[in-house]
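Engineer: Just model_13.cif, nothing more (mmCIF, C-alpha atoms):
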```
data_run
#
loop_
_atom_site.label_atom_id
_atom_site.label_comp_id
_atom_site.auth_asym_id
_atom_site.auth_seq_id
_atom_site.Cartn_x
_atom_site.Cartn_y
_atom_site.Cartn_z
CA MET A 1 0.00 0.00 0.00
CA GLU A 2 1.36 3.39 -1.02
CA PRO A 3 1.96 6.00 1.66
CA ARG A 4 -0.02 9.19 1.26
CA LEU A 5 1.01 12.70 2.27
CA ILE A 6 -1.30 14.09 4.93
CA THR A 7 -1.33 17.13 7.20
CA LEU A 8 -1.65 16.73 10.95
CA ASN A 9 -2.09 19.93 12.94
CA ILE A 10 -0.82 18.98 16.38
CA ASN A 11 -0.71 21.39 19.31
CA GLY A 12 -0.71 24.30 16.88
CA ARG A 13 2.09 22.92 14.73
CA SER A 14 1.49 21.65 11.22
CA HIS A 15 3.19 18.41 10.16
CA GLN A 16 3.25 16.99 6.64
CA VAL A 17 3.82 13.28 6.85
CA ALA A 18 3.70 10.38 4.41
CA LEU A 19 1.82 7.53 6.07
CA LYS A 20 0.45 4.18 5.03
CA SER A 21 -3.29 3.58 5.27
CA ASN A 22 -3.08 1.23 8.25
CA VAL A 23 -1.30 3.67 10.57
CA THR A 24 -3.48 4.82 13.45
CA LEU A 25 -3.45 8.38 14.71
CA LEU A 26 -1.93 7.04 17.95
CA ARG A 27 1.02 5.51 16.10
CA ALA A 28 1.47 8.63 13.95
CA LEU A 29 1.53 10.89 17.00
CA ARG A 30 4.04 8.79 18.89
CA ASP A 31 6.28 8.45 15.81
CA LEU A 32 6.26 12.25 15.51
CA GLY A 33 7.50 12.48 19.09
CA TYR A 34 4.21 13.19 20.89
CA THR A 35 4.92 10.44 23.37
CA ASP A 36 2.66 12.00 26.01
CA VAL A 37 -0.05 10.12 24.08
CA LYS A 38 0.16 6.67 25.66
CA ASN A 39 -0.40 3.30 24.03
CA GLY A 40 -2.43 1.27 26.52
CA CYS A 41 -4.88 -1.25 25.11
CA GLU A 42 -5.16 -0.26 21.43
CA LYS A 43 -8.84 -1.13 21.39
CA GLY A 44 -10.59 1.86 22.89
CA ASP A 45 -11.00 0.46 26.39
CA CYS A 46 -8.44 2.40 28.43
CA GLY A 47 -8.37 6.03 27.23
CA ALA A 48 -4.61 6.42 27.69
CA CYS A 49 -4.29 7.55 24.06
CA ALA A 50 -7.03 10.21 24.27
CA VAL A 51 -6.52 13.41 22.30
CA LEU A 52 -8.79 16.25 21.26
CA LEU A 53 -9.74 15.82 17.61
CA ASN A 54 -11.43 19.01 16.39
CA GLY A 55 -12.37 19.72 20.00
CA ARG A 56 -13.75 16.31 20.88
CA ALA A 57 -11.96 13.79 23.09
CA VAL A 58 -11.37 10.54 21.24
CA ASN A 59 -9.25 7.41 21.52
CA SER A 60 -6.48 8.03 18.97
CA CYS A 61 -5.95 4.26 18.64
CA LEU A 62 -9.38 4.02 16.97
CA VAL A 63 -8.75 6.76 14.39
CA LEU A 64 -6.89 6.05 11.17
CA ALA A 65 -4.30 8.77 10.57
CA TRP A 66 -5.74 9.48 7.11
CA GLN A 67 -9.09 10.19 8.78
CA ALA A 68 -7.39 12.97 10.75
CA ASP A 69 -5.91 14.62 7.63
CA GLY A 70 -6.32 18.39 8.14
CA ALA A 71 -7.87 18.05 11.60
CA GLU A 72 -6.85 20.01 14.70
CA ILE A 73 -5.30 17.67 17.24
CA VAL A 74 -4.44 18.59 20.82
CA THR A 75 -2.51 16.31 23.16
CA ALA A 76 -2.04 16.76 26.91
CA ALA A 77 1.42 18.24 26.31
CA GLY A 78 -0.22 20.79 24.04
CA LEU A 79 -2.29 22.05 26.97
CA GLY A 80 0.62 22.63 29.29
CA THR A 81 4.16 21.61 30.19
CA VAL A 82 6.02 20.98 33.43
CA ASP A 83 7.12 24.65 33.47
CA HIS A 84 3.76 26.01 32.39
CA PRO A 85 1.13 23.47 33.43
CA HIS A 86 -2.50 23.78 32.48
CA PRO A 87 -4.75 24.32 35.54
CA ILE A 88 -6.07 20.78 35.11
CA GLN A 89 -2.54 19.35 35.17
CA GLU A 90 -1.63 21.47 38.17
CA ALA A 91 -4.75 20.46 40.09
CA LEU A 92 -4.21 16.76 39.39
CA ALA A 93 -0.65 17.02 40.69
CA ASP A 94 -1.66 19.08 43.74
CA SER A 95 -4.53 16.80 44.69
CA GLY A 96 -2.31 13.71 44.65
CA GLY A 97 -4.28 12.31 41.73
CA VAL A 98 -1.11 11.22 39.93
CA GLN A 99 0.64 8.01 40.94
CA CYS A 100 2.33 6.09 38.13
CA GLY A 101 1.00 8.74 35.74
CA PHE A 102 0.40 6.57 32.70
CA CYS A 103 -3.32 7.35 32.50
CA ILE A 104 -2.93 11.05 33.28
CA PRO A 105 -2.48 12.49 29.75
CA GLY A 106 -5.74 10.79 28.75
CA ILE A 107 -7.47 11.94 31.93
CA VAL A 108 -6.30 15.52 31.31
CA ILE A 109 -7.80 15.40 27.81
CA ALA A 110 -11.09 13.93 29.05
CA ALA A 111 -11.27 16.57 31.79
CA LYS A 112 -10.50 19.37 29.33
CA ALA A 113 -13.28 18.16 27.01
CA LEU A 114 -15.67 18.07 29.97
CA LEU A 115 -14.82 21.53 31.35
CA ASP A 116 -14.94 23.12 27.88
CA ARG A 117 -18.58 22.06 27.56
CA ASN A 118 -19.60 22.10 31.21
CA PRO A 119 -17.51 24.47 33.37
CA HIS A 120 -19.27 23.47 36.62
CA PRO A 121 -19.80 19.71 36.54
CA THR A 122 -21.20 17.66 39.41
CA GLU A 123 -19.11 14.83 40.83
CA GLU A 124 -21.33 12.41 38.90
CA GLU A 125 -20.59 14.29 35.67
CA ILE A 126 -16.85 14.25 36.38
CA ARG A 127 -16.94 10.49 36.97
CA GLU A 128 -18.98 10.03 33.80
CA ALA A 129 -16.51 12.13 31.77
CA ILE A 130 -13.53 9.97 32.78
CA SER A 131 -15.42 6.68 32.60
CA GLY A 132 -13.49 5.71 29.47
CA ASN A 133 -10.13 6.27 31.18
CA LEU A 134 -8.69 3.44 33.23
CA CYS A 135 -6.45 4.22 36.21
CA ARG A 136 -5.10 1.18 38.01
CA CYS A 137 -3.35 3.06 40.84
CA THR A 138 -5.56 5.59 42.50
CA GLY A 139 -9.13 4.37 42.73
CA TYR A 140 -10.05 7.66 41.03
CA ALA A 141 -10.98 9.54 44.21
CA LEU A 142 -8.10 12.03 44.04
CA ILE A 143 -8.39 12.36 40.26
CA VAL A 144 -12.03 13.35 40.66
CA GLU A 145 -11.00 15.69 43.47
CA GLY A 146 -8.40 17.34 41.23
CA ILE A 147 -10.87 17.96 38.42
CA ARG A 148 -13.42 19.26 40.93
CA ARG A 149 -10.83 21.75 42.23
CA VAL A 150 -10.26 23.16 38.74
CA ALA A 151 -13.99 23.66 38.27
CA GLU A 152 -14.23 25.30 41.70
CA SER A 153 -11.27 27.62 41.21
CA ARG A 154 -12.88 28.86 38.00
CA GLU A 155 -15.95 29.94 39.93
CA SER A 156 -14.01 32.53 41.88
CA MET B 1 -0.06 -3.17 14.21
CA LEU B 2 -3.05 -3.30 11.87
CA PRO B 3 -3.02 -5.58 8.84
CA GLU B 4 -2.57 -3.84 5.50
CA PHE B 5 -5.60 -2.70 3.54
CA GLU B 6 -6.43 -0.30 0.76
CA LEU B 7 -8.15 2.77 2.23
CA LEU B 8 -10.38 4.83 -0.06
CA MET B 9 -11.37 8.35 0.92
CA PRO B 10 -14.46 9.39 -1.09
CA ARG B 11 -15.75 12.96 -0.78
CA THR B 12 -19.34 12.36 -1.83
CA LEU B 13 -21.91 9.60 -1.36
CA PRO B 14 -22.06 8.69 -5.09
CA GLU B 15 -18.27 8.34 -5.07
CA ALA B 16 -18.44 6.11 -1.97
CA LEU B 17 -21.17 3.90 -3.45
CA GLU B 18 -19.17 3.54 -6.69
CA MET B 19 -16.11 2.43 -4.68
CA LEU B 20 -18.14 -0.06 -2.65
CA ALA B 21 -19.65 -1.48 -5.85
CA GLN B 22 -16.25 -1.87 -7.49
CA ARG B 23 -14.55 -3.47 -4.51
CA ALA B 24 -17.42 -5.69 -3.27
CA PRO B 25 -17.48 -8.19 -1.73
CA ASP B 26 -14.04 -7.71 -0.14
CA VAL B 27 -14.76 -4.23 1.21
CA MET B 28 -15.88 -2.68 4.49
CA PRO B 29 -17.17 0.83 5.20
CA ILE B 30 -15.50 2.59 8.15
CA ALA B 31 -16.75 5.68 9.98
CA GLY B 32 -16.00 5.99 13.70
CA GLY B 33 -13.89 2.84 13.61
CA THR B 34 -14.72 1.92 17.20
CA ASN B 35 -15.72 -1.59 16.13
CA VAL B 36 -13.90 -1.91 12.80
CA ILE B 37 -10.41 -1.14 14.12
CA PRO B 38 -10.50 -3.55 17.10
CA ASP B 39 -12.01 -6.20 14.79
CA LEU B 40 -9.23 -5.71 12.21
CA ARG B 41 -6.67 -5.93 14.97
CA GLY B 42 -8.30 -9.03 16.42
CA GLY B 43 -8.62 -10.69 13.00
CA ARG B 44 -12.41 -11.00 13.07
CA TYR B 45 -12.39 -9.91 9.42
CA ARG B 46 -9.72 -8.86 6.98
CA PRO B 47 -11.17 -6.91 4.06
CA ALA B 48 -8.81 -5.96 1.24
CA CYS B 49 -10.35 -2.50 1.18
CA LEU B 50 -11.90 0.00 3.59
CA VAL B 51 -14.00 2.95 2.43
CA ASN B 52 -13.96 5.92 4.80
CA VAL B 53 -17.53 7.25 5.07
CA ALA B 54 -17.00 9.39 8.18
CA SER B 55 -16.96 12.72 6.34
CA LEU B 56 -19.56 12.33 3.60
CA PRO B 57 -21.77 15.46 3.67
CA GLU B 58 -24.87 13.44 2.68
CA LEU B 59 -24.61 11.32 5.84
CA ARG B 60 -24.51 14.18 8.34
CA GLY B 61 -27.11 15.50 10.70
CA ILE B 62 -30.41 14.69 12.34
CA ARG B 63 -33.59 16.09 10.80
CA GLN B 64 -37.36 15.94 10.83
CA GLU B 65 -38.91 14.96 7.51
CA ASP B 66 -42.57 14.19 6.69
CA GLY B 67 -43.42 12.96 10.17
CA PHE B 68 -40.19 10.99 10.49
CA LEU B 69 -37.02 11.60 12.44
CA VAL B 70 -34.03 10.87 10.23
CA ILE B 71 -30.57 10.16 11.66
CA GLY B 72 -27.81 10.43 9.07
CA GLY B 73 -25.44 7.53 8.56
CA SER B 74 -22.43 9.29 10.07
CA VAL B 75 -24.20 10.72 13.14
CA THR B 76 -22.34 9.87 16.34
CA MET B 77 -23.67 8.96 19.76
CA ALA B 78 -22.40 12.32 21.03
CA GLU B 79 -24.47 14.10 18.39
CA VAL B 80 -27.55 12.09 19.38
CA LEU B 81 -26.97 13.13 23.00
CA GLU B 82 -26.74 16.83 22.08
CA ASP B 83 -29.61 16.96 19.61
CA PRO B 84 -32.73 18.94 20.59
CA ILE B 85 -35.03 17.10 18.13
CA VAL B 86 -34.05 13.74 19.62
CA ALA B 87 -34.50 15.18 23.13
CA GLN B 88 -38.02 16.27 22.21
CA PHE B 89 -39.29 13.26 20.28
CA ALA B 90 -37.17 10.27 21.26
CA PRO B 91 -35.40 10.84 24.60
CA VAL B 92 -35.15 7.05 24.94
CA LEU B 93 -32.43 7.14 22.29
CA GLN B 94 -30.45 9.49 24.51
CA GLU B 95 -30.97 7.22 27.53
CA ALA B 96 -29.39 4.41 25.51
CA ALA B 97 -26.62 6.51 23.95
CA LYS B 98 -25.62 7.74 27.40
CA MET B 99 -25.07 4.16 28.55
CA LEU B 100 -23.15 3.06 25.47
CA ALA B 101 -19.41 2.56 26.01
CA SER B 102 -17.61 5.73 27.20
CA PRO B 103 -17.58 9.43 26.23
CA LEU B 104 -14.35 8.86 24.25
CA VAL B 105 -16.06 6.16 22.19
CA ARG B 106 -19.34 8.08 21.90
CA ASN B 107 -17.50 10.93 20.18
CA ARG B 108 -16.64 8.57 17.31
CA ALA B 109 -19.14 5.67 17.32
CA THR B 110 -22.06 6.10 14.93
CA VAL B 111 -25.65 4.92 15.29
CA ALA B 112 -25.45 3.33 11.84
CA GLY B 113 -22.28 1.48 12.81
CA ASN B 114 -23.80 0.22 16.06
CA LEU B 115 -26.60 -1.39 14.02
CA ALA B 116 -24.48 -2.57 11.06
CA ASN B 117 -21.98 -4.22 13.42
CA ALA B 118 -24.91 -6.36 14.61
CA SER B 119 -23.68 -7.24 18.05
CA PRO B 120 -26.54 -8.97 19.90
CA ALA B 121 -25.88 -6.49 22.71
CA ALA B 122 -25.89 -3.31 20.58
CA ASP B 123 -27.34 -0.60 22.83
CA MET B 124 -28.99 1.34 19.99
CA ALA B 125 -30.92 -1.69 18.73
CA PRO B 126 -33.65 -2.04 21.40
CA PRO B 127 -34.72 1.64 21.42
CA LEU B 128 -34.71 1.80 17.62
CA LEU B 129 -36.69 -1.46 17.41
CA ALA B 130 -39.19 0.03 19.85
CA LEU B 131 -39.44 3.17 17.70
CA ASP B 132 -40.26 1.06 14.58
CA ALA B 133 -37.10 2.29 12.88
CA GLU B 134 -36.11 1.51 9.32
CA VAL B 135 -32.58 1.24 7.99
CA GLU B 136 -31.88 2.99 4.69
CA LEU B 137 -29.43 0.98 2.58
CA ALA B 138 -27.99 2.59 -0.52
CA SER B 139 -25.91 1.09 -3.28
CA ARG B 140 -24.81 2.38 -6.68
CA GLU B 141 -27.92 0.75 -8.18
CA SER B 142 -30.68 1.39 -5.66
CA ILE B 143 -31.93 2.58 -2.30
CA ARG B 144 -34.02 0.34 -0.08
CA ARG B 145 -35.51 0.67 3.37
CA VAL B 146 -35.51 -2.33 5.65
CA PRO B 147 -37.52 -2.40 8.91
CA LEU B 148 -34.98 -2.81 11.71
CA LYS B 149 -36.86 -5.91 12.93
CA ASP B 150 -35.88 -7.57 9.59
CA PHE B 151 -32.35 -6.10 9.44
CA PHE B 152 -30.56 -8.47 11.81
CA VAL B 153 -29.96 -12.01 10.57
CA HIS B 154 -27.64 -13.59 13.13
CA VAL B 155 -24.75 -12.66 15.42
CA ARG B 156 -22.78 -10.02 13.44
CA GLN B 157 -24.89 -10.63 10.33
CA THR B 158 -27.39 -8.31 8.73
CA VAL B 159 -29.20 -8.11 5.39
CA ARG B 160 -26.75 -5.40 4.29
CA GLN B 161 -24.86 -6.49 1.18
CA PRO B 162 -21.14 -5.66 0.90
CA GLN B 163 -21.80 -2.97 -1.74
CA GLU B 164 -24.47 -1.33 0.41
CA LEU B 165 -24.04 1.47 2.91
CA VAL B 166 -26.33 2.44 5.82
CA THR B 167 -27.08 6.01 4.78
CA ALA B 168 -29.74 6.78 7.39
CA ILE B 169 -31.94 5.44 10.15
CA ARG B 170 -35.50 6.77 10.27
CA PHE B 171 -38.56 6.27 12.41
CA PRO B 172 -42.04 7.83 12.65
CA LEU B 173 -42.32 10.54 15.31
CA PRO B 174 -44.04 8.85 18.28
CA PRO B 175 -47.52 10.16 19.20
CA PRO B 176 -47.81 12.54 22.20
CA GLY B 177 -48.92 9.80 24.64
CA SER B 178 -45.97 7.60 23.82
CA ARG B 179 -43.62 6.71 26.67
CA ALA B 180 -40.45 4.70 26.31
CA ARG B 181 -37.66 3.72 28.68
CA PHE B 182 -34.31 2.04 28.07
CA PHE B 183 -32.75 -0.35 30.55
CA LYS B 184 -29.34 -1.94 30.68
CA VAL B 185 -27.90 -4.46 33.10
CA ALA B 186 -24.12 -4.73 32.88
CA LEU B 187 -21.23 -5.73 35.12
CA ARG B 188 -20.54 -2.06 35.84
CA LYS B 189 -22.09 1.30 35.08
CA ALA B 190 -19.77 2.64 32.39
CA ASP B 191 -17.96 1.28 29.36
CA ALA B 192 -19.56 -2.13 29.67
CA ILE B 193 -21.26 -4.54 27.30
CA ALA B 194 -24.85 -5.33 28.26
CA VAL B 195 -25.71 -8.56 30.04
CA VAL B 196 -29.28 -7.66 29.09
CA ASN B 197 -30.58 -4.44 27.58
CA GLY B 198 -33.97 -3.45 26.34
CA THR B 199 -36.58 -0.85 25.67
CA VAL B 200 -40.21 -0.80 26.71
CA ARG B 201 -42.55 1.56 24.91
CA VAL B 202 -46.26 2.08 25.43
CA ASP B 203 -48.45 4.54 23.57
CA LEU B 204 -51.20 5.58 25.98
CA THR B 205 -54.55 7.15 25.18
CA GLU B 206 -55.83 10.06 27.28
CA ASN B 207 -57.68 7.65 29.57
CA GLY B 208 -54.55 5.59 30.14
CA ARG B 209 -55.33 2.70 27.85
CA CYS B 210 -52.43 1.19 25.96
CA GLN B 211 -52.88 1.67 22.22
CA ALA B 212 -49.63 0.11 21.16
CA ALA B 213 -46.77 -1.59 22.98
CA ARG B 214 -43.22 -2.44 22.01
CA ILE B 215 -40.85 -4.59 24.03
CA ALA B 216 -37.39 -4.90 22.47
CA LEU B 217 -34.57 -6.89 24.03
CA GLY B 218 -30.84 -7.23 23.46
CA ALA B 219 -28.09 -9.67 24.50
CA VAL B 220 -30.66 -12.42 25.04
CA ALA B 221 -30.60 -14.04 21.58
CA PRO B 222 -28.37 -14.14 18.48
CA THR B 223 -29.98 -10.86 17.39
CA PRO B 224 -31.83 -8.06 19.16
CA LEU B 225 -35.48 -9.05 19.16
CA ARG B 226 -39.03 -8.00 19.90
CA ALA B 227 -41.20 -9.88 22.38
CA TYR B 228 -44.40 -9.83 20.31
CA GLU B 229 -46.52 -11.99 22.62
CA ALA B 230 -45.62 -9.80 25.56
CA GLU B 231 -46.60 -6.71 23.56
CA HIS B 232 -50.00 -8.25 22.67
CA VAL B 233 -50.89 -8.77 26.32
CA LEU B 234 -50.62 -5.02 26.91
CA GLU B 235 -52.34 -3.72 23.81
CA SER B 236 -55.90 -2.33 24.09
CA GLN B 237 -55.73 -2.63 27.89
CA PRO B 238 -55.13 -0.29 30.79
CA LEU B 239 -51.72 -1.09 32.30
CA THR B 240 -52.70 -3.27 35.27
CA PRO B 241 -50.15 -4.95 37.56
CA LYS B 242 -51.48 -8.33 36.42
CA ASP B 243 -50.98 -7.59 32.73
CA ILE B 244 -47.57 -6.07 33.41
CA ALA B 245 -46.47 -9.22 35.26
CA GLU B 246 -47.78 -11.43 32.45
CA ALA B 247 -46.06 -9.32 29.76
CA ALA B 248 -42.79 -9.50 31.71
CA ARG B 249 -43.11 -13.28 32.02
CA LEU B 250 -43.69 -13.59 28.26
CA ALA B 251 -40.73 -11.30 27.58
CA GLY B 252 -38.56 -13.71 29.59
CA GLU B 253 -39.98 -16.59 27.54
CA ALA B 254 -39.12 -14.81 24.29
CA THR B 255 -35.41 -14.91 25.10
CA ARG B 256 -32.99 -17.50 23.72
CA THR B 257 -30.18 -16.85 26.15
CA ILE B 258 -26.74 -18.39 26.35
CA ASP B 259 -24.11 -18.70 29.09
CA ASP B 260 -21.11 -16.48 28.57
CA ILE B 261 -18.47 -14.55 30.47
CA ARG B 262 -20.97 -11.82 31.42
CA GLY B 263 -23.82 -13.94 32.70
CA SER B 264 -25.59 -17.27 32.63
CA ALA B 265 -28.52 -18.08 30.38
CA ALA B 266 -30.80 -18.52 33.39
CA TYR B 267 -29.75 -15.20 34.92
CA ARG B 268 -30.30 -13.35 31.66
CA ARG B 269 -33.77 -14.78 31.30
CA MET B 270 -34.72 -13.97 34.88
CA VAL B 271 -33.30 -10.47 34.76
CA THR B 272 -35.15 -9.81 31.49
CA GLU B 273 -38.44 -10.56 33.22
CA VAL B 274 -37.55 -8.39 36.22
CA MET B 275 -36.37 -5.45 34.12
CA VAL B 276 -39.38 -5.51 31.81
CA ARG B 277 -41.75 -5.65 34.79
CA ARG B 278 -39.90 -2.88 36.61
CA THR B 279 -39.67 -0.63 33.54
CA LEU B 280 -43.35 -1.10 32.68
CA GLY B 281 -44.17 -0.32 36.29
CA GLU B 282 -42.16 2.89 36.15
CA ILE B 283 -44.00 3.95 33.01
CA ALA B 284 -47.41 3.07 34.47
CA TYR B 285 -47.02 4.22 38.08
CA GLY B 286 -43.94 6.41 38.14
CA GLU B 287 -40.41 6.10 39.47
CA GLY B 288 -39.76 4.10 42.64
CA GLU B 289 -42.74 1.74 42.38
CA ASN B 290 -42.26 -2.06 42.16
#
```
Since I need it in another form, could you write the structure as structure tokens?
Structural biologist:
Amino acid sequence: MEPRLITLNINGRSHQVALKSNVTLLRALRDLGYTDVKNGCEKGDCGACAVLLNGRAVNSCLVLAWQADGAEIVTAAGLGTVDHPHPIQEALADSGGVQCGFCIPGIVIAAKALLDRNPHPTEEEIREAISGNLCRCTGYALIVEGIRRVAESRES
Amino acid sequence: MLPEFELLMPRTLPEALEMLAQRAPDVMPIAGGTNVIPDLRGGRYRPACLVNVASLPELRGIRQEDGFLVIGGSVTMAEVLEDPIVAQFAPVLQEAAKMLASPLVRNRATVAGNLANASPAADMAPPLLALDAEVELASRESIRRVPLKDFFVHVRQTVRQPQELVTAIRFPLPPPGSRARFFKVALRKADAIAVVNGTVRVDLTENGRCQAARIALGAVAPTPLRAYEAEHVLESQPLTPKDIAEAARLAGEATRTIDDIRGSAAYRRMVTEVMVRRTLGEIAYGEGEN
């Protein structure tokens, strides 16, 4: 199968890449160095590979790279860095919601998608929003707490 | 790593239908990919060619048309959840969409794909069966509409031919006295495949008599099904506890359950009866009864 030249707009940067048809968006992102996007289950069960695709949180393992040609993609690292964290990233760290950290980029993306649409979610809505993101360390309590803190701090 | 395949990227529906016709039978449409990609990875099927139908303009949107609600073939679960027409006329579809997989999946998974994939446990199947939905199948040569009750053939098999595409799902707008509820029993609340799912719908007259009833069940047979005998017990009657119990019993009898990792055949059958009785009770007497 012939590679095809596509454009991926990732975290505000445009990349032209030649990819074969069977490359997933997850694989394309990691090969371009966006390794904050994690490869967990590769079947849409764990959410570790979540990114924003034209503003919606999706599992990048279930998107073919060609399907994302021309789309706007945002990864967790595109929201904030260690030096300049996004409020969601800061709150997750401060609340103790991060243990091994593998699920956190996906959780950050899911939380961002939630708060963009619903700035003041209930605890139930927070739990619902991250229900496609598996964390095997924390039991979720402190992750939920972190996201709740972001929502609260925005009220003031 | 996914197996290799040819991937065609049509820009219009006629282009897509031409590609499907030329590549059939060894071709598969892909939209959200939430079933197709795991199935390719798992080796469930290995088509030589995929046709991307996610961005065809003709398949977009939800609209009202001549007394019908029409859901385009690329409409996602997230779009169903946000749509005001669905909220007004068929909130039961939103109840089901909200319990399907996870938000990450719902942003990609399409209603058409949920039906075409033909899992016995497809969460969109019972509410759409209860709404008397039809599936619109288009090919280069023709367009046909198949009642959803005739669409499913067996586990993962439908009447759709390889060159055909599900371009829309449509159903008549329910009358004002129509009430429908979705239920789902699963091993956990989110991101779970149904042990049993279903939809109960009753169209009530002003004096509370049941004009028409629909009881649709999933994960209890090789295909989603309707419990016709249970429906007949309710029709032309007021909803009495006795009739509700009898309809629920017949709904349990309509199942052809199997044992699997999520539940035993006996449990599925019993829980079907309980959930149908409980859901009918909620419709008839309000929340918290039974």
Engineer: Per residue of chain A within 8 Å of chain B, which atom pair is closest and at what distance in Å (one decimal), using only C-alpha atoms, listed by chain and increasing number, as a tab-separated table?
Structural biologist:
```
residue	atom	partner	partner_atom	distance
A:Met1	CA	B:Glu6	CA	6.5
A:Ser21	CA	B:Leu7	CA	5.8
A:Asn22	CA	B:Glu4	CA	5.8
A:Val23	CA	B:Leu2	CA	7.3
A:Glu42	CA	B:Pro38	CA	7.6
A:Lys43	CA	B:Pro38	CA	5.2
A:Gly44	CA	B:Val105	CA	7.0
A:Asp45	CA	B:Asp191	CA	7.6
A:Gly47	CA	B:Leu104	CA	7.3
A:Ala50	CA	B:Leu104	CA	7.4
A:Arg56	CA	B:Asn107	CA	6.6
A:Ala57	CA	B:Leu104	CA	5.6
A:Val58	CA	B:Leu104	CA	4.6
A:Asn59	CA	B:Leu104	CA	6.0
A:Leu62	CA	B:Thr34	CA	5.7
A:Val63	CA	B:Gly33	CA	6.5
A:Gln67	CA	B:Asn52	CA	7.6
A:Ala110	CA	B:Leu104	CA	7.7
A:Glu128	CA	B:Ala190	CA	7.6
A:Ala129	CA	B:Pro103	CA	6.3
A:Ile130	CA	B:Pro103	CA	7.7
A:Ser131	CA	B:Ser102	CA	5.9
A:Gly132	CA	B:Ser102	CA	4.7
```
Engineer: Can you write just those residues out, C-alpha atoms, as a PDB file, keeping the file's coordinate frame?
Structural biologist:
```pdb
ATOM      1  CA  MET A   1       0.000   0.000   0.000  1.00  0.00           C
ATOM      2  CA  SER A  21      -3.290   3.580   5.270  1.00  0.00           C
ATOM      3  CA  ASN A  22      -3.080   1.230   8.250  1.00  0.00           C
ATOM      4  CA  VAL A  23      -1.300   3.670  10.570  1.00  0.00           C
ATOM      5  CA  GLU A  42      -5.160  -0.260  21.430  1.00  0.00           C
ATOM      6  CA  LYS A  43      -8.840  -1.130  21.390  1.00  0.00           C
ATOM      7  CA  GLY A  44     -10.590   1.860  22.890  1.00  0.00           C
ATOM      8  CA  ASP A  45     -11.000   0.460  26.390  1.00  0.00           C
ATOM      9  CA  GLY A  47      -8.370   6.030  27.230  1.00  0.00           C
ATOM     10  CA  ALA A  50      -7.030  10.210  24.270  1.00  0.00           C
ATOM     11  CA  ARG A  56     -13.750  16.310  20.880  1.00  0.00           C
ATOM     12  CA  ALA A  57     -11.960  13.790  23.090  1.00  0.00           C
ATOM     13  CA  VAL A  58     -11.370  10.540  21.240  1.00  0.00           C
ATOM     14  CA  ASN A  59      -9.250   7.410  21.520  1.00  0.00           C
ATOM     15  CA  LEU A  62      -9.380   4.020  16.970  1.00  0.00           C
ATOM     16  CA  VAL A  63      -8.750   6.760  14.390  1.00  0.00           C
ATOM     17  CA  GLN A  67      -9.090  10.190   8.780  1.00  0.00           C
ATOM     18  CA  ALA A 110     -11.090  13.930  29.050  1.00  0.00           C
ATOM     19  CA  GLU A 128     -18.980  10.030  33.800  1.00  0.00           C
ATOM     20  CA  ALA A 129     -16.510  12.130  31.770  1.00  0.00           C
ATOM     21  CA  ILE A 130     -13.530   9.970  32.780  1.00  0.00           C
ATOM     22  CA  SER A 131     -15.420   6.680  32.600  1.00  0.00           C
ATOM     23  CA  GLY A 132     -13.490   5.710  29.470  1.00  0.00           C
TER      24      GLY A 132
END
```
Engineer: Could you check which of B:Cys210, B:Ala112, B:Ala219, B:Val274 is closest to B:Val166, using only C-alpha atoms?
Structural biologist: B:Ala112
Engineer: Skipping near chain neighbours, those fewer than 4 positions away, what residues fall within 7 Å of A:Arg149 using all atoms listed in the file, listed as a list in words?
Structural biologist: Ala91, Glu145 and Ser153 of chain A
Engineer: Using the selection just defined, write its residues with C-alpha atoms as a JSON list (two decimals), in the frame of the given file.
Structural biologist:
```json
[["chain", "number", "residue", "atom", "x", "y", "z"],
["A", 91, "ALA", "CA", -4.75, 20.46, 40.09],
["A", 145, "GLU", "CA", -11.00, 15.69, 43.47],
["A", 153, "SER", "CA", -11.27, 27.62, 41.21]]
```
Engineer: Can you pull out every residue within 9 Å of B:Leu234, counting all atoms listed in the file, but drop anything in the same chain fewer than 4 positions away, and send it as a list of chain:residue names?
Structural biologist: B:Val202, B:Cys210, B:Gln211, B:Ala212, B:Ala213, B:Ala230, B:Pro238, B:Leu239, B:Thr240, B:Asp243, B:Ile244, B:Glu246, B:Ala247
Engineer: Could you tell me how far atom CA of B:Ala133 sits from atom CA of B:Pro84, in Å to one decimal place?
Structural biologist: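 About the pair atom CA of B:Pro84 and atom CA of B:Ala133: they are 18.9 Å apart.
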Engineer: Between atom CA of A:Cys100 and atom CA of A:Ala151, what distance in Å does the model show, to one decimal?
Structural biologist: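 So the two atoms, atom CA of A:Cys100 and atom CA of A:Ala151, lie 24.0 Å apart.
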Engineer: Specify as a PyMOL selection string each residue included when the PyMOL selection byres ((chain B and resi 155) around 8) is applied to this file.
Structural biologist: chain B and resi 118-120+153-154+156-157+222-223
Engineer: Check the smallest atom-to-atom distance from each of B:Val51, B:Met77, B:Ala216, B:Val233 to B:Pro126 using all atoms listed in the file, then report the winner.
Structural biologist: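 Result for the nearest residue to B:Pro126: B:Ala216.
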Engineer: Between atom CA of B:Arg214 and atom CA of B:Arg144, measure the distance and give it in Å to one decimal.
Structural biologist: 24.1 Å
Engineer: For A:Trp66, which residue among B:Ser74, B:Pro10, B:Ala266, B:Leu280 is the nearest when counting only C-alpha atoms?
Structural biologist: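 Comparing B:Ser74, B:Pro10, B:Ala266, B:Leu280 against A:Trp66, the winner is B:Pro10.
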Engineer: Hey, what's within 6 Å of B:Arg170 if we count all atoms listed in the file and toss same-chain stuff fewer than 5 positions away? As a PyMOL selection string, please?
Structural biologist: chain B and resi 69-70+133-134
